[in-house]
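S.K.: Handing you a structure now.
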Amino acid sequence: MSKLWKGRMDENDPVADSFNSSISIDGVLYKQDIIGSIAHAVMLGNTGIIKKEDSELIVSSLEEILEDIEAGKLIISKTEEDIHSFVENELTKRIGDKGKMLHTARSRNDQVALDIRLYLKGKTEEIINLLSLFLDAIAEKANENLNTIMPGYTHLQKAQPVTYAHYLMSYGMMFLRDLERMKDSLKRCTVSPIGSCALAGTTYPIDRVMEGELLGLKEISKNSMDSVSDRDFCLEFMSNAAILMMHLSRLSEEVILFSSGEFNYIEISDAYSTGSSIMPQKKNPDIAELVRGKTGRVYGNLFALLTVMKGLPLAYNKDMQEDKEALFDSVDTVINCLKVYIPMLKAISVKKEAMEKAAAYGYMNATDLADYLTKKGMPFRDAYKLTGKIVADAIKMKKSLEEIKIEEYKAYSPVFSEDLYGVIDIKECVKRRNSEGGPAPESVKSQIDYIKEEIKKI
Ligand code: ARG
């Protein structure tokens with residue numbers, strides 16, 4: 001295919017040609033490239049840089065090219081160097097020399113910087129929307145489980161009782177911050193780099209603000225070298241994606257753990273499980289495992305691009321062509337993971353009895369027992385020690401703290417009286433933890449309301 005830069009040089013070795021070509025990756029940017037080119041042609045016409053009628057011809061032909069690609073009538077040729085070359089060559093094929101006017105006051109360097117921003121803007125908006133659906137699903141499930149007592153863990157050892165709602169809403173807060181980070185990085189995608197040209201702007205009387213506005217971009221970039229040199233907006237998205245995947249991966253780890261026979265707290269719907277080719281009894285949490293596994297590639301993509309960028313002199317360098325494969329993969333992975341997670345979470349059934357049973361045996365009310373003694377006047381350190389001794393004895397007797405008789409308690413300390421049982425009742429332990437952010441049902445209810453309000457603001 002004819003090179004946009006053919007002029008000074010002889011033909012390339014076909015091996016070099018294919019090595020240099022990025023169209024198999026950046027072909028997905030066809031829409032952004034054409035929309036950007038339409039805005040450019042309109043701007044060139046409106047400012048009188050090219051004739052109005054030529055601009056109109058270019059615009060209508062670009063619109064036809066877009067329609068033809070979308071209808072499957074025009075196939076993006078893999079022999080072109082990149083998507084920018086493909087669109088421009090196709091335009092020239094269709095309208096002859098007039099097509100060659102499109103690239104006035106433009107370079108592929110600002111063009112690609114624009115195309116990626118337009119692409120990432122759309123994808124980030126899609127991810128924000130998916131995250132709000134996910135948060136909604138989390139909040140709904142939490143609402144159904146405000147009183148579902150479960151063990152809360154530290155070091156994966158039973159620590160203090162919480163509710164499944166409280167547990168879910170902790171992830172709700174993490175994903176809400178992920179959403180906020182996405183909203184923030186979206187701002188960097190609404191800055192238009194077009195008009196920066198190769199690196200040093202142009203002598204043509206372009207109107208960058210007009211061109212940006214035609215594309216729905218609120219601002220124009222302030223320095224032409226920066227505009228074509230940096231990929232920090234991609235890195236920002238990819239960092240946010242890595243953090244989001246870390247959260248999803250942690251949740252997945254617990255979906256896997258909690259659905260195991262050993263925990264048996266939840267059941268993943270058959271629709272999101274797989275079987276084994278040899279063991280007929282198996283029901284495997286493959287979807288959650290895949291999400292956990294795919295987190296690795298999203299971390300890797302971030303690191304790959306950080307490494308590509310770290311030693312580059314300004315301005316554009318071909319190394320930067322490596323940005324897209326990593327970025328697209330992170331975008332697709334995050335979207336695919338969220339799309340499968342939302343219905344999977346909705347369909348999880350909660351085994352309330354199993355959770356409550358696990359919460360009943362684990363001495364998670366020991367802190368409450370120590371607090372009881374403290375409130376009766378015993379110094380906390382003594383109360384802590386005595387409670388430890390009672391727990392050790394209870395373990396030997398295979399009894400829960402609630403099962404120990406009051407006479408036995410009194411033998412440890414005379415401060416014990418019947419009111420103890422109200423304090424160490426597991427449900428009471430949860431209910432009384434009503435500090436802001438705590439597991440008490442009314443506290444978690446207000447966390448749910450908060451998330452629902454935040455979703456509305458999107
Ligand atoms: N395919 C290139 C990329 O994705 C487009 C920019 C090419 N610019 C250049 N001066 N070779 O980075």
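We name chains A, B, ... following the order of the structure tokens; residues begin at 1 in each chain, and ligands are numbered from 1 as shown.
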Please write out the residues within 6 Å of ligand 1 as a VMD selection string, counting only C-alpha atoms and all ligand atoms.

M.R.: chain A and resid 22 82 108 to 109 112 318 320 to 321

S.K.: Take the residues from that selection and write them out as a short mmCIF file (atom, residue, chain, number, x, y, z; two decimals), in the first residue's frame, keeping N, CA, C and O atoms.

M.R.:
```
data_model
loop_
_atom_site.label_atom_id
_atom_site.label_comp_id
_atom_site.auth_asym_id
_atom_site.auth_seq_id
_atom_site.Cartn_x
_atom_site.Cartn_y
_atom_site.Cartn_z
N SER A 22 1.01 -1.09 12.33
CA SER A 22 0.23 -1.22 13.57
C SER A 22 -1.25 -1.42 13.29
O SER A 22 -2.06 -1.42 14.22
N ASP A 82 -1.02 1.98 9.10
CA ASP A 82 -1.83 2.17 10.31
C ASP A 82 -3.21 2.69 9.90
O ASP A 82 -3.47 2.90 8.72
N ARG A 108 0.32 12.77 11.91
CA ARG A 108 -0.20 11.58 12.58
C ARG A 108 0.10 11.62 14.07
O ARG A 108 -0.52 10.93 14.85
N ASN A 109 1.06 12.46 14.44
CA ASN A 109 1.40 12.52 15.87
C ASN A 109 0.28 13.14 16.70
O ASN A 109 -0.06 12.64 17.76
N VAL A 112 -2.96 10.67 16.25
CA VAL A 112 -3.05 9.47 17.09
C VAL A 112 -3.31 9.86 18.55
O VAL A 112 -4.08 9.20 19.25
N LYS A 318 8.62 6.28 17.85
CA LYS A 318 7.80 5.15 17.41
C LYS A 318 7.55 4.13 18.52
O LYS A 318 6.58 3.37 18.48
N MET A 320 6.20 4.64 21.04
CA MET A 320 4.88 4.94 21.59
C MET A 320 3.74 4.20 20.89
O MET A 320 2.64 4.12 21.42
N GLN A 321 4.05 3.67 19.72
CA GLN A 321 3.03 2.86 19.03
C GLN A 321 2.66 1.63 19.87
O GLN A 321 1.60 1.05 19.70
#
```

S.K.: Mind listing the alpha helix (DSSP H) residues of range 87-336 of chain A, per DSSP on the backbone, as a count of residues only?

M.R.: 150

S.K.: Could you tell me how far CA of Glu80 in chain A lies from CA of Ile34 in chain A, in Å and to one decimal?

M.R.: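 For CA of Glu80 in chain A relative to CA of Ile34 in chain A, the distance reads 15.8 Å.
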
S.K.: Find, counting only C-alpha atoms, the residue in A:Asn365, A:Asn46, A:Ser249, A:Asn145 that gets nearest to Tyr171 in chain A.

M.R.: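 For Tyr171 in chain A, the nearest of the given residues is A:Ser249.
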
S.K.: Of the candidates A:Leu215, A:Tyr204, A:Lys352, A:Val415, which one gets nearest to Thr374 in chain A if we count only C-alpha atoms?

M.R.: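 Checking each candidate against Thr374 in chain A, we get A:Val415 as the closest.
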
S.K.: Using DSSP on the backbone, list every residue of range 100-333 of chain A that comes out as strand (DSSP E), and give them as a VMD selection string.

M.R.: chain A and resid 149 to 154 157 to 163 191 to 192 219 to 220 266 to 267

S.K.: Within 7 Å of range 126-133 of chain A, counting only C-alpha atoms, which residues qualify if same-chain residues fewer than 6 places away don't, as a ChimeraX atom specification?

M.R.: /A:179,182,335,338,455
